[in-house]
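K.L.:
Following this line is run-v3.cif, made up of mmCIF, C-alpha atoms, pLDDT in the B column; chains and numbers go by the auth columns:
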```cif
data_input
loop_
_atom_site.group_PDB
_atom_site.id
_atom_site.type_symbol
_atom_site.label_atom_id
_atom_site.label_comp_id
_atom_site.label_asym_id
_atom_site.label_seq_id
_atom_site.Cartn_x
_atom_site.Cartn_y
_atom_site.Cartn_z
_atom_site.B_iso_or_equiv
_atom_site.auth_seq_id
_atom_site.auth_asym_id
ATOM 1 C CA MET A 1 -7.054 -92.526 -25.903 90.00 1 S
ATOM 2 C CA ASN A 2 -10.550 -92.211 -27.333 96.00 2 S
ATOM 3 C CA ARG A 3 -12.647 -95.199 -26.229 98.00 3 S
ATOM 4 C CA ILE A 4 -13.742 -95.961 -29.804 98.00 4 S
ATOM 5 C CA ASP A 5 -10.119 -96.160 -30.954 97.00 5 S
ATOM 6 C CA LYS A 6 -9.232 -98.343 -27.973 97.00 6 S
ATOM 7 C CA LEU A 7 -12.112 -100.736 -28.646 98.00 7 S
ATOM 8 C CA PHE A 8 -11.178 -101.317 -32.286 97.00 8 S
ATOM 9 C CA GLN A 9 -7.518 -101.764 -31.356 96.00 9 S
ATOM 10 C CA GLU A 10 -8.366 -104.402 -28.780 97.00 10 S
ATOM 11 C CA LYS A 11 -11.286 -106.184 -30.491 97.00 11 S
ATOM 12 C CA LYS A 12 -11.244 -107.022 -34.183 93.00 12 S
ATOM 13 C CA GLU A 13 -14.517 -108.898 -34.669 96.00 13 S
ATOM 14 C CA ASN A 14 -18.080 -109.456 -33.427 97.00 14 S
ATOM 15 C CA ILE A 15 -18.445 -105.890 -32.147 98.00 15 S
ATOM 16 C CA LEU A 16 -22.030 -105.142 -31.203 98.00 16 S
ATOM 17 C CA SER A 17 -23.317 -101.576 -31.140 98.00 17 S
ATOM 18 C CA ILE A 18 -26.794 -100.944 -29.734 98.00 18 S
ATOM 19 C CA TYR A 19 -28.851 -97.893 -30.686 97.00 19 S
ATOM 20 C CA PHE A 20 -31.767 -96.504 -28.725 97.00 20 S
ATOM 21 C CA THR A 21 -33.596 -93.187 -28.615 97.00 21 S
ATOM 22 C CA ALA A 22 -32.885 -90.980 -25.609 97.00 22 S
ATOM 23 C CA GLY A 23 -36.006 -90.379 -23.533 97.00 23 S
ATOM 24 C CA PHE A 24 -37.802 -93.497 -24.797 97.00 24 S
ATOM 25 C CA PRO A 25 -39.927 -95.136 -23.598 97.00 25 S
ATOM 26 C CA HIS A 26 -39.826 -92.788 -20.591 97.00 26 S
ATOM 27 C CA LEU A 27 -37.971 -89.506 -20.216 97.00 27 S
ATOM 28 C CA GLU A 28 -35.634 -90.603 -17.432 96.00 28 S
ATOM 29 C CA ASP A 29 -34.839 -94.064 -18.848 97.00 29 S
ATOM 30 C CA THR A 30 -31.727 -92.984 -20.734 97.00 30 S
ATOM 31 C CA LEU A 31 -28.963 -93.757 -18.252 97.00 31 S
ATOM 32 C CA SER A 32 -30.500 -96.948 -16.880 97.00 32 S
ATOM 33 C CA ILE A 33 -30.865 -98.320 -20.420 98.00 33 S
ATOM 34 C CA MET A 34 -27.218 -97.487 -21.115 98.00 34 S
ATOM 35 C CA GLN A 35 -26.124 -99.317 -17.983 98.00 35 S
ATOM 36 C CA ALA A 36 -28.213 -102.356 -18.928 98.00 36 S
ATOM 37 C CA ILE A 37 -26.780 -102.393 -22.469 98.00 37 S
ATOM 38 C CA GLU A 38 -23.233 -102.472 -21.128 98.00 38 S
ATOM 39 C CA ALA A 39 -24.035 -105.068 -18.470 98.00 39 S
ATOM 40 C CA ALA A 40 -25.539 -107.341 -21.128 98.00 40 S
ATOM 41 C CA GLY A 41 -22.287 -107.412 -23.112 98.00 41 S
ATOM 42 C CA ALA A 42 -22.621 -104.879 -25.937 98.00 42 S
ATOM 43 C CA ASP A 43 -19.488 -103.021 -27.033 98.00 43 S
ATOM 44 C CA ILE A 44 -20.815 -99.590 -28.099 98.00 44 S
ATOM 45 C CA ILE A 45 -23.863 -97.537 -27.155 98.00 45 S
ATOM 46 C CA GLU A 46 -25.424 -95.237 -29.740 98.00 46 S
ATOM 47 C CA VAL A 47 -27.768 -92.730 -28.117 98.00 47 S
ATOM 48 C CA GLY A 48 -30.265 -91.312 -30.573 97.00 48 S
ATOM 49 C CA VAL A 49 -31.036 -87.614 -30.244 96.00 49 S
ATOM 50 C CA PRO A 50 -34.791 -87.288 -30.940 94.00 50 S
ATOM 51 C CA TYR A 51 -35.742 -85.172 -33.942 87.00 51 S
ATOM 52 C CA SER A 52 -39.134 -84.361 -35.426 82.00 52 S
ATOM 53 C CA ASP A 53 -38.167 -85.337 -38.984 73.00 53 S
ATOM 54 C CA PRO A 54 -35.750 -88.302 -38.852 62.00 54 S
ATOM 55 C CA ILE A 55 -35.497 -88.830 -42.613 65.00 55 S
ATOM 56 C CA ALA A 56 -33.322 -91.980 -42.574 60.00 56 S
ATOM 57 C CA ASP A 57 -35.394 -93.819 -39.993 68.00 57 S
ATOM 58 C CA GLY A 58 -38.270 -96.237 -40.358 76.00 58 S
ATOM 59 C CA PRO A 59 -41.561 -96.310 -38.441 86.00 59 S
ATOM 60 C CA THR A 60 -40.155 -97.897 -35.273 89.00 60 S
ATOM 61 C CA ILE A 61 -37.482 -95.272 -34.661 90.00 61 S
ATOM 62 C CA GLN A 62 -39.722 -92.469 -35.928 90.00 62 S
ATOM 63 C CA GLU A 63 -42.297 -93.429 -33.312 93.00 63 S
ATOM 64 C CA SER A 64 -39.655 -93.554 -30.574 95.00 64 S
ATOM 65 C CA ASN A 65 -38.499 -90.074 -31.613 93.00 65 S
ATOM 66 C CA MET A 66 -41.994 -88.644 -31.299 94.00 66 S
ATOM 67 C CA ILE A 67 -42.618 -90.323 -27.945 96.00 67 S
ATOM 68 C CA ALA A 68 -39.297 -89.038 -26.612 96.00 68 S
ATOM 69 C CA LEU A 69 -40.016 -85.490 -27.806 95.00 69 S
ATOM 70 C CA ASN A 70 -43.485 -85.628 -26.290 96.00 70 S
ATOM 71 C CA ASN A 71 -41.882 -86.830 -23.069 97.00 71 S
ATOM 72 C CA GLY A 72 -39.853 -83.614 -23.019 97.00 72 S
ATOM 73 C CA MET A 73 -36.487 -84.802 -24.332 97.00 73 S
ATOM 74 C CA SER A 74 -34.113 -82.129 -25.667 95.00 74 S
ATOM 75 C CA LEU A 75 -30.372 -81.776 -26.097 96.00 75 S
ATOM 76 C CA LYS A 76 -30.196 -79.755 -22.890 96.00 76 S
ATOM 77 C CA LYS A 77 -32.093 -82.471 -21.038 97.00 77 S
ATOM 78 C CA LEU A 78 -29.955 -85.211 -22.568 98.00 78 S
ATOM 79 C CA PHE A 79 -26.683 -83.596 -21.554 98.00 79 S
ATOM 80 C CA GLY A 80 -28.098 -83.251 -18.051 97.00 80 S
ATOM 81 C CA GLN A 81 -28.830 -86.983 -17.999 98.00 81 S
ATOM 82 C CA LEU A 82 -25.306 -87.743 -19.242 98.00 82 S
ATOM 83 C CA GLU A 83 -23.597 -85.449 -16.728 96.00 83 S
ATOM 84 C CA HIS A 84 -22.483 -88.320 -14.475 94.00 84 S
ATOM 85 C CA MET A 85 -22.549 -91.025 -17.159 97.00 85 S
ATOM 86 C CA ARG A 86 -18.908 -91.963 -16.810 98.00 86 S
ATOM 87 C CA GLU A 87 -19.406 -92.938 -13.183 97.00 87 S
ATOM 88 C CA LYS A 88 -21.654 -95.773 -14.420 97.00 88 S
ATOM 89 C CA VAL A 89 -20.822 -96.515 -18.079 98.00 89 S
ATOM 90 C CA SER A 90 -17.346 -97.425 -19.344 98.00 90 S
ATOM 91 C CA ILE A 91 -17.849 -98.518 -22.974 98.00 91 S
ATOM 92 C CA PRO A 92 -17.802 -96.092 -25.933 98.00 92 S
ATOM 93 C CA VAL A 93 -20.826 -93.812 -26.264 98.00 93 S
ATOM 94 C CA ILE A 94 -21.841 -92.171 -29.539 98.00 94 S
ATOM 95 C CA LEU A 95 -24.556 -89.584 -30.083 98.00 95 S
ATOM 96 C CA MET A 96 -26.485 -90.116 -33.311 96.00 96 S
ATOM 97 C CA GLY A 97 -28.842 -87.516 -34.646 94.00 97 S
ATOM 98 C CA TYR A 98 -29.489 -84.864 -37.254 93.00 98 S
ATOM 99 C CA LEU A 99 -27.644 -81.655 -37.931 94.00 99 S
ATOM 100 C CA ASN A 100 -30.458 -79.154 -37.333 93.00 100 S
ATOM 101 C CA PRO A 101 -30.768 -79.548 -33.526 94.00 101 S
ATOM 102 C CA VAL A 102 -26.974 -79.494 -33.215 96.00 102 S
ATOM 103 C CA ILE A 103 -26.699 -76.252 -35.210 95.00 103 S
ATOM 104 C CA GLN A 104 -29.444 -74.712 -33.076 95.00 104 S
ATOM 105 C CA TYR A 105 -27.564 -75.730 -29.930 96.00 105 S
ATOM 106 C CA GLY A 106 -24.288 -74.427 -31.407 97.00 106 S
ATOM 107 C CA MET A 107 -21.636 -76.792 -32.773 97.00 107 S
ATOM 108 C CA GLU A 108 -18.888 -75.533 -30.465 97.00 108 S
ATOM 109 C CA ALA A 109 -21.123 -75.726 -27.401 98.00 109 S
ATOM 110 C CA PHE A 110 -22.423 -79.144 -28.474 98.00 110 S
ATOM 111 C CA CYS A 111 -18.964 -80.629 -28.925 98.00 111 S
ATOM 112 C CA ALA A 112 -17.779 -79.095 -25.658 98.00 112 S
ATOM 113 C CA LYS A 113 -20.721 -80.726 -23.843 98.00 113 S
ATOM 114 C CA CYS A 114 -19.938 -84.051 -25.497 98.00 114 S
ATOM 115 C CA ARG A 115 -16.400 -83.887 -24.190 98.00 115 S
ATOM 116 C CA GLU A 116 -17.550 -82.749 -20.747 98.00 116 S
ATOM 117 C CA THR A 117 -20.013 -85.633 -20.364 98.00 117 S
ATOM 118 C CA GLY A 118 -17.722 -88.317 -21.823 98.00 118 S
ATOM 119 C CA VAL A 119 -19.251 -88.827 -25.277 98.00 119 S
ATOM 120 C CA ASP A 120 -16.716 -90.390 -27.651 98.00 120 S
ATOM 121 C CA GLY A 121 -18.125 -89.803 -31.106 98.00 121 S
ATOM 122 C CA LEU A 122 -20.896 -88.538 -33.348 98.00 122 S
ATOM 123 C CA ILE A 123 -22.994 -89.850 -36.227 97.00 123 S
ATOM 124 C CA LEU A 124 -24.783 -87.052 -38.080 96.00 124 S
ATOM 125 C CA PRO A 125 -26.091 -88.659 -41.289 93.00 125 S
ATOM 126 C CA ASP A 126 -27.065 -85.357 -42.925 93.00 126 S
ATOM 127 C CA LEU A 127 -23.747 -83.588 -42.246 95.00 127 S
ATOM 128 C CA PRO A 128 -22.145 -82.986 -45.670 94.00 128 S
ATOM 129 C CA MET A 129 -18.526 -84.069 -45.801 94.00 129 S
ATOM 130 C CA GLN A 130 -17.284 -80.777 -47.243 95.00 130 S
ATOM 131 C CA GLN A 131 -19.030 -78.805 -44.510 96.00 131 S
ATOM 132 C CA TYR A 132 -17.503 -81.117 -41.901 96.00 132 S
ATOM 133 C CA LEU A 133 -14.009 -80.713 -43.351 96.00 133 S
ATOM 134 C CA THR A 134 -14.126 -76.935 -43.776 97.00 134 S
ATOM 135 C CA GLU A 135 -16.226 -75.868 -40.771 96.00 135 S
ATOM 136 C CA TYR A 136 -16.360 -78.525 -38.099 97.00 136 S
ATOM 137 C CA ARG A 137 -13.463 -80.965 -38.207 97.00 137 S
ATOM 138 C CA GLU A 138 -11.212 -78.720 -36.152 97.00 138 S
ATOM 139 C CA ILE A 139 -13.926 -78.449 -33.497 98.00 139 S
ATOM 140 C CA PHE A 140 -14.457 -82.230 -33.424 98.00 140 S
ATOM 141 C CA ASP A 141 -10.711 -82.847 -33.149 97.00 141 S
ATOM 142 C CA ARG A 142 -10.236 -80.257 -30.435 98.00 142 S
ATOM 143 C CA HIS A 143 -12.861 -81.959 -28.299 98.00 143 S
ATOM 144 C CA GLY A 144 -11.591 -85.481 -28.988 97.00 144 S
ATOM 145 C CA LEU A 145 -14.687 -86.616 -30.910 98.00 145 S
ATOM 146 C CA ARG A 146 -14.674 -89.274 -33.613 97.00 146 S
ATOM 147 C CA ASN A 147 -16.900 -88.684 -36.639 96.00 147 S
ATOM 148 C CA THR A 148 -18.600 -91.530 -38.484 96.00 148 S
ATOM 149 C CA PHE A 149 -19.796 -91.324 -42.089 95.00 149 S
ATOM 150 C CA LEU A 150 -22.330 -93.653 -43.700 95.00 150 S
ATOM 151 C CA ILE A 151 -22.016 -95.603 -46.942 96.00 151 S
ATOM 152 C CA SER A 152 -24.647 -97.654 -48.798 94.00 152 S
ATOM 153 C CA PRO A 153 -24.745 -100.189 -51.646 94.00 153 S
ATOM 154 C CA GLN A 154 -25.124 -97.244 -54.047 93.00 154 S
ATOM 155 C CA THR A 155 -21.988 -95.449 -52.815 95.00 155 S
ATOM 156 C CA SER A 156 -19.285 -95.452 -55.492 95.00 156 S
ATOM 157 C CA GLU A 157 -15.841 -96.872 -54.827 96.00 157 S
ATOM 158 C CA ALA A 158 -14.319 -93.411 -55.233 97.00 158 S
ATOM 159 C CA ARG A 159 -16.720 -91.968 -52.664 96.00 159 S
ATOM 160 C CA ILE A 160 -16.096 -94.835 -50.234 97.00 160 S
ATOM 161 C CA ARG A 161 -12.363 -94.229 -50.456 97.00 161 S
ATOM 162 C CA GLU A 162 -12.887 -90.504 -49.889 96.00 162 S
ATOM 163 C CA ILE A 163 -14.992 -91.293 -46.822 96.00 163 S
ATOM 164 C CA ASP A 164 -12.333 -93.724 -45.594 97.00 164 S
ATOM 165 C CA GLU A 165 -9.736 -90.966 -45.911 95.00 165 S
ATOM 166 C CA HIS A 166 -11.687 -88.448 -43.850 94.00 166 S
ATOM 167 C CA ALA A 167 -13.656 -90.587 -41.374 90.00 167 S
ATOM 168 C CA ASP A 168 -12.383 -91.665 -38.012 90.00 168 S
ATOM 169 C CA GLY A 169 -13.781 -94.076 -35.468 89.00 169 S
ATOM 170 C CA PHE A 170 -15.455 -96.390 -37.973 97.00 170 S
ATOM 171 C CA ILE A 171 -17.472 -96.463 -41.201 97.00 171 S
ATOM 172 C CA TYR A 172 -21.198 -97.144 -40.869 97.00 172 S
ATOM 173 C CA MET A 173 -22.206 -99.524 -43.657 96.00 173 S
ATOM 174 C CA VAL A 174 -25.916 -99.069 -44.336 94.00 174 S
ATOM 175 C CA SER A 175 -26.976 -102.548 -45.447 87.00 175 S
ATOM 176 C CA SER A 176 -29.520 -101.435 -48.043 74.00 176 S
ATOM 177 C CA ALA A 177 -30.886 -98.351 -49.773 63.00 177 S
ATOM 178 C CA SER A 178 -33.820 -98.072 -47.410 50.00 178 S
ATOM 179 C CA ILE A 179 -34.896 -96.661 -44.076 47.00 179 S
ATOM 180 C CA THR A 180 -34.044 -98.330 -40.792 49.00 180 S
ATOM 181 C CA GLY A 181 -35.986 -101.355 -39.611 47.00 181 S
ATOM 182 C CA ALA A 182 -35.511 -104.982 -38.720 47.00 182 S
ATOM 183 C CA LYS A 183 -35.480 -107.321 -41.714 51.00 183 S
ATOM 184 C CA LYS A 184 -36.018 -111.057 -41.824 56.00 184 S
ATOM 185 C CA GLU A 185 -32.932 -112.053 -43.767 67.00 185 S
ATOM 186 C CA VAL A 186 -29.846 -110.767 -45.541 76.00 186 S
ATOM 187 C CA THR A 187 -30.225 -110.826 -49.326 84.00 187 S
ATOM 188 C CA PRO A 188 -27.645 -112.035 -51.892 87.00 188 S
ATOM 189 C CA GLU A 189 -27.365 -108.441 -53.141 89.00 189 S
ATOM 190 C CA GLN A 190 -26.448 -107.274 -49.661 89.00 190 S
ATOM 191 C CA LEU A 191 -23.866 -110.029 -49.291 91.00 191 S
ATOM 192 C CA ALA A 192 -22.261 -108.979 -52.581 92.00 192 S
ATOM 193 C CA TYR A 193 -22.065 -105.386 -51.299 94.00 193 S
ATOM 194 C CA PHE A 194 -20.575 -106.525 -47.970 95.00 194 S
ATOM 195 C CA GLU A 195 -17.943 -108.563 -49.783 95.00 195 S
ATOM 196 C CA ARG A 196 -17.132 -105.781 -52.238 96.00 196 S
ATOM 197 C CA VAL A 197 -16.443 -103.326 -49.425 97.00 197 S
ATOM 198 C CA ARG A 198 -14.527 -105.902 -47.393 96.00 198 S
ATOM 199 C CA ASN A 199 -12.211 -106.476 -50.340 96.00 199 S
ATOM 200 C CA MET A 200 -11.407 -102.773 -50.705 97.00 200 S
ATOM 201 C CA GLY A 201 -8.843 -102.859 -47.897 95.00 201 S
ATOM 202 C CA LEU A 202 -10.172 -99.764 -46.129 97.00 202 S
ATOM 203 C CA THR A 203 -8.267 -98.137 -43.287 96.00 203 S
ATOM 204 C CA ASN A 204 -11.221 -97.636 -40.934 96.00 204 S
ATOM 205 C CA PRO A 205 -13.139 -100.426 -39.205 97.00 205 S
ATOM 206 C CA ARG A 206 -16.666 -101.095 -40.501 98.00 206 S
ATOM 207 C CA LEU A 207 -19.942 -101.807 -38.738 98.00 207 S
ATOM 208 C CA ILE A 208 -23.045 -102.892 -40.657 97.00 208 S
ATOM 209 C CA GLY A 209 -26.421 -101.441 -39.714 94.00 209 S
ATOM 210 C CA PHE A 210 -30.048 -101.176 -40.920 89.00 210 S
ATOM 211 C CA GLY A 211 -31.872 -104.500 -40.779 87.00 211 S
ATOM 212 C CA ILE A 212 -29.737 -106.332 -38.204 93.00 212 S
ATOM 213 C CA SER A 213 -32.057 -107.799 -35.608 93.00 213 S
ATOM 214 C CA ASP A 214 -30.993 -111.178 -34.211 95.00 214 S
ATOM 215 C CA SER A 215 -28.106 -113.585 -33.769 96.00 215 S
ATOM 216 C CA GLY A 216 -28.352 -114.848 -37.342 94.00 216 S
ATOM 217 C CA SER A 217 -28.207 -111.461 -39.061 93.00 217 S
ATOM 218 C CA PHE A 218 -25.565 -110.294 -36.573 95.00 218 S
ATOM 219 C CA ARG A 219 -23.321 -113.295 -37.284 95.00 219 S
ATOM 220 C CA THR A 220 -23.740 -112.846 -41.031 94.00 220 S
ATOM 221 C CA ALA A 221 -22.833 -109.154 -40.880 94.00 221 S
ATOM 222 C CA ALA A 222 -19.865 -109.873 -38.616 95.00 222 S
ATOM 223 C CA LYS A 223 -18.392 -112.214 -41.247 95.00 223 S
ATOM 224 C CA TYR A 224 -17.963 -109.244 -43.577 96.00 224 S
ATOM 225 C CA ALA A 225 -17.213 -106.387 -41.167 97.00 225 S
ATOM 226 C CA HIS A 226 -15.946 -105.813 -37.642 97.00 226 S
ATOM 227 C CA GLY A 227 -19.460 -106.118 -36.270 98.00 227 S
ATOM 228 C CA ALA A 228 -22.941 -104.709 -36.548 97.00 228 S
ATOM 229 C CA ILE A 229 -25.405 -102.153 -35.234 97.00 229 S
ATOM 230 C CA ILE A 230 -28.887 -102.959 -33.964 97.00 230 S
ATOM 231 C CA GLY A 231 -31.500 -100.234 -33.572 95.00 231 S
ATOM 232 C CA SER A 232 -35.128 -100.878 -34.495 93.00 232 S
ATOM 233 C CA ALA A 233 -35.219 -104.404 -33.077 95.00 233 S
ATOM 234 C CA PHE A 234 -33.841 -103.110 -29.770 97.00 234 S
ATOM 235 C CA ILE A 235 -36.390 -100.277 -29.723 96.00 235 S
ATOM 236 C CA ASN A 236 -39.086 -102.930 -30.088 96.00 236 S
ATOM 237 C CA VAL A 237 -37.653 -104.757 -27.066 97.00 237 S
ATOM 238 C CA LEU A 238 -37.887 -101.561 -25.017 97.00 238 S
ATOM 239 C CA LYS A 239 -41.402 -100.881 -26.261 96.00 239 S
ATOM 240 C CA ALA A 240 -42.666 -104.311 -25.182 96.00 240 S
ATOM 241 C CA SER A 241 -40.630 -104.618 -22.000 96.00 241 S
ATOM 242 C CA THR A 242 -42.126 -105.039 -18.549 93.00 242 S
ATOM 243 C CA ASN A 243 -38.715 -105.563 -16.916 97.00 243 S
ATOM 244 C CA LYS A 244 -36.190 -103.372 -18.685 96.00 244 S
ATOM 245 C CA GLU A 245 -32.937 -104.743 -17.268 96.00 245 S
ATOM 246 C CA ALA A 246 -33.945 -108.400 -17.630 98.00 246 S
ATOM 247 C CA ASP A 247 -35.361 -107.988 -21.131 98.00 247 S
ATOM 248 C CA ILE A 248 -32.315 -106.058 -22.363 98.00 248 S
ATOM 249 C CA LYS A 249 -30.013 -108.739 -20.971 98.00 249 S
ATOM 250 C CA THR A 250 -32.024 -111.552 -22.555 98.00 250 S
ATOM 251 C CA TYR A 251 -32.139 -109.846 -25.951 98.00 251 S
ATOM 252 C CA ILE A 252 -28.492 -108.773 -26.211 98.00 252 S
ATOM 253 C CA GLN A 253 -27.112 -112.052 -24.899 98.00 253 S
ATOM 254 C CA GLY A 254 -29.375 -113.848 -27.396 98.00 254 S
ATOM 255 C CA VAL A 255 -27.856 -111.806 -30.230 98.00 255 S
ATOM 256 C CA LEU A 256 -24.339 -112.630 -29.036 97.00 256 S
ATOM 257 C CA SER A 257 -24.995 -116.322 -28.433 92.00 257 S
#
```
Here is the file; what I need is its structure written in the form of structure tokens.

P.N.:
Amino acid sequence: MNRIDKLFQEKKENILSIYFTAGFPHLEDTLSIMQAIEAAGADIIEVGVPYSDPIADGPTIQESNMIALNNGMSLKKLFGQLEHMREKVSIPVILMGYLNPVIQYGMEAFCAKCRETGVDGLILPDLPMQQYLTEYREIFDRHGLRNTFLISPQTSEARIREIDEHADGFIYMVSSASITGAKKEVTPEQLAYFERVRNMGLTNPRLIGFGISDSGSFRTAAKYAHGAIIGSAFINVLKASTNKEADIKTYIQGVLS
């Protein structure tokens, strides 16, 4: 069974997914950061594939992308780092990135490498649904990969239901119509959106991302969905860290406390 499916079958609430950029802050940090994330108690790891024009991301993740690329990170390098991942990491692992580098690598070859290294799913925010359904779904399915689509407060009910029909793994609820980045508090407008989607009775689990940064925002999001995703705030922890394992443990356990 796919690890994402297994997780959502066994755990129905307070699921924490942690995003970081592969090759940041240092090129060879990827696997050790993944191990530390799991050891600290997170449920899912989202590994960001660096890209030179990450259109949905705010300054923090944009900067991490550029540093990682300057460090020499590439898809080929990343798959090399993940080659023995499953000897050290047991929780679900998702690659999140943009379509262009994947197309350049070759979708079939990319999905085959994901399966070979033990990757469980993909988040490609700029992959059009129709292109996924007509060109790529068969490839994803053949390699056992779950595909996650994003929704936002501006997504219509009809579109959300269409996404729910064709997504697998989970639905990524973008908390606001903005780029990524830690926010101070959840607004009433966001809460109304969370509640509206919760009341739709969707088939897929939901995780809320963009702006989740601490225990308070995590707990609030988890009231309305199965859990939440933290990215920019975690990148900031890595950026400031002098003891990676200890600082990751302190941060993640603080979020979950």

K.L.:
Counting only C-alpha atoms, figure out which residue out of S:Leu256, S:Val237, S:Ala39, S:Thr117 gets nearest to Arg219 of chain S.

P.N.:
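Ranking S:Leu256, S:Val237, S:Ala39, S:Thr117 by distance to Arg219 of chain S, first place goes to S:Leu256.
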
K.L.:
Can you list what the PyMOL selection byres ((chain S and resi 40) around 12) grabs from this structure, as number ranges by chain?

P.N.:
S: 16-18, 33-39, 41-45, 91, 244-257

K.L.:
Do you know which residues the PyMOL selection byres ((chain S and resi 160) around 10) returns on this file, as a ChimeraX atom specification?

P.N.:
/S:149-152,155-159,161-165,171,197,200,202

K.L.:
Let me make sure I understand: among S:Met1, S:Leu7, S:Ile15, S:Ile123, which one has the smallest atom-to-atom distance to Ala228 of chain S if we use all atoms listed in the file?

P.N.:
S:Ile15

K.L.:
Once 4 Å is added on each side, what centre and edge lengths in Å to one decimal does the axis-aligned box around all listed atoms of segment 107-116 of chain S have, as lines of an AutoDock Vina configuration file?

P.N.:
```
center_x = -19.4
center_y = -79.8
center_z = -26.8
size_x = 14.0
size_y = 16.5
size_z = 20.0
```

K.L.:
Suppose a student applies the PyMOL selection byres ((chain S and resi 118) around 9) to this structure; what residues should they get, written as a ChimeraX atom specification?

P.N.:
/S:82-86,92-93,113-117,119-120

K.L.:
Near Gly23 of chain S, counting all atoms listed in the file, which residues have an atom at most 9 Å away, once you skip same-chain residues fewer than 6 positions from it, shown as an MDAnalysis selection string?

P.N.:
chainID S and resid 29:30 49:50 64:65 67:69 71:74 78

K.L.:
Could you check which of S:Phe110, S:Tyr132, S:Phe140, S:Tyr51 is closest to Gly97 of chain S, using all atoms listed in the file?

P.N.:
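Checking each of S:Phe110, S:Tyr132, S:Phe140, S:Tyr51 against Gly97 of chain S, counting all atoms listed in the file, the winner is S:Tyr51.
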
K.L.:
At what distance in Å, to one decimal, does atom CA of Phe210 of chain S lie from atom CA of Ile230 of chain S?

P.N.:
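About the pair atom CA of Ile230 of chain S and atom CA of Phe210 of chain S: they are 7.3 Å apart.
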
K.L.:
Quick one: everything within 12 Å of Asp141 of chain S, counting all atoms listed in the file, minus sequence neighbours fewer than 5 positions away in the same chain. Send it as a ChimeraX atom specification.

P.N.:
/S:2,108,111-112,115,120-122,132-133,135-136,146-147,167-169

K.L.:
To one decimal place, how far is atom CA of Tyr193 of chain S from atom CA of Pro153 of chain S in Å?

P.N.:
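Separation of atom CA of Tyr193 of chain S and atom CA of Pro153 of chain S: 5.9 Å.
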
K.L.:
Nearest residue to Lys223 of chain S out of S:Arg198, S:Lys6, S:Lys77, S:His166, using only C-alpha atoms?

P.N.:
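Checking each candidate against Lys223 of chain S, we get S:Arg198 as the closest.
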
K.L.:
Mind giving me the straight-line distance from atom CA of Lys12 of chain S to atom CA of Gly211 of chain S in Å, one decimal?

P.N.:
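Interatomic distance, atom CA of Lys12 of chain S to atom CA of Gly211 of chain S: 21.8 Å.
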
K.L.:
Which residue gives the smallest distance to Phe24 of chain S among S:Glu138, S:Lys11, S:Pro188, S:Thr60, with all atoms listed in the file counted?

P.N.:
S:Thr60

K.L.:
Between S:Gln81, S:Gln104, S:Gln131, S:Gln9, single out the one closest to Ala22 of chain S, counting only C-alpha atoms.

P.N.:
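Among the listed residues, the smallest separation from Ala22 of chain S belongs to S:Gln81.
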
K.L.:
Just the residues within 10 Å of Phe194 of chain S, please, counting only C-alpha atoms, with nothing from its chain fewer than 4 positions along; format it as a count of residues only.

P.N.:
17
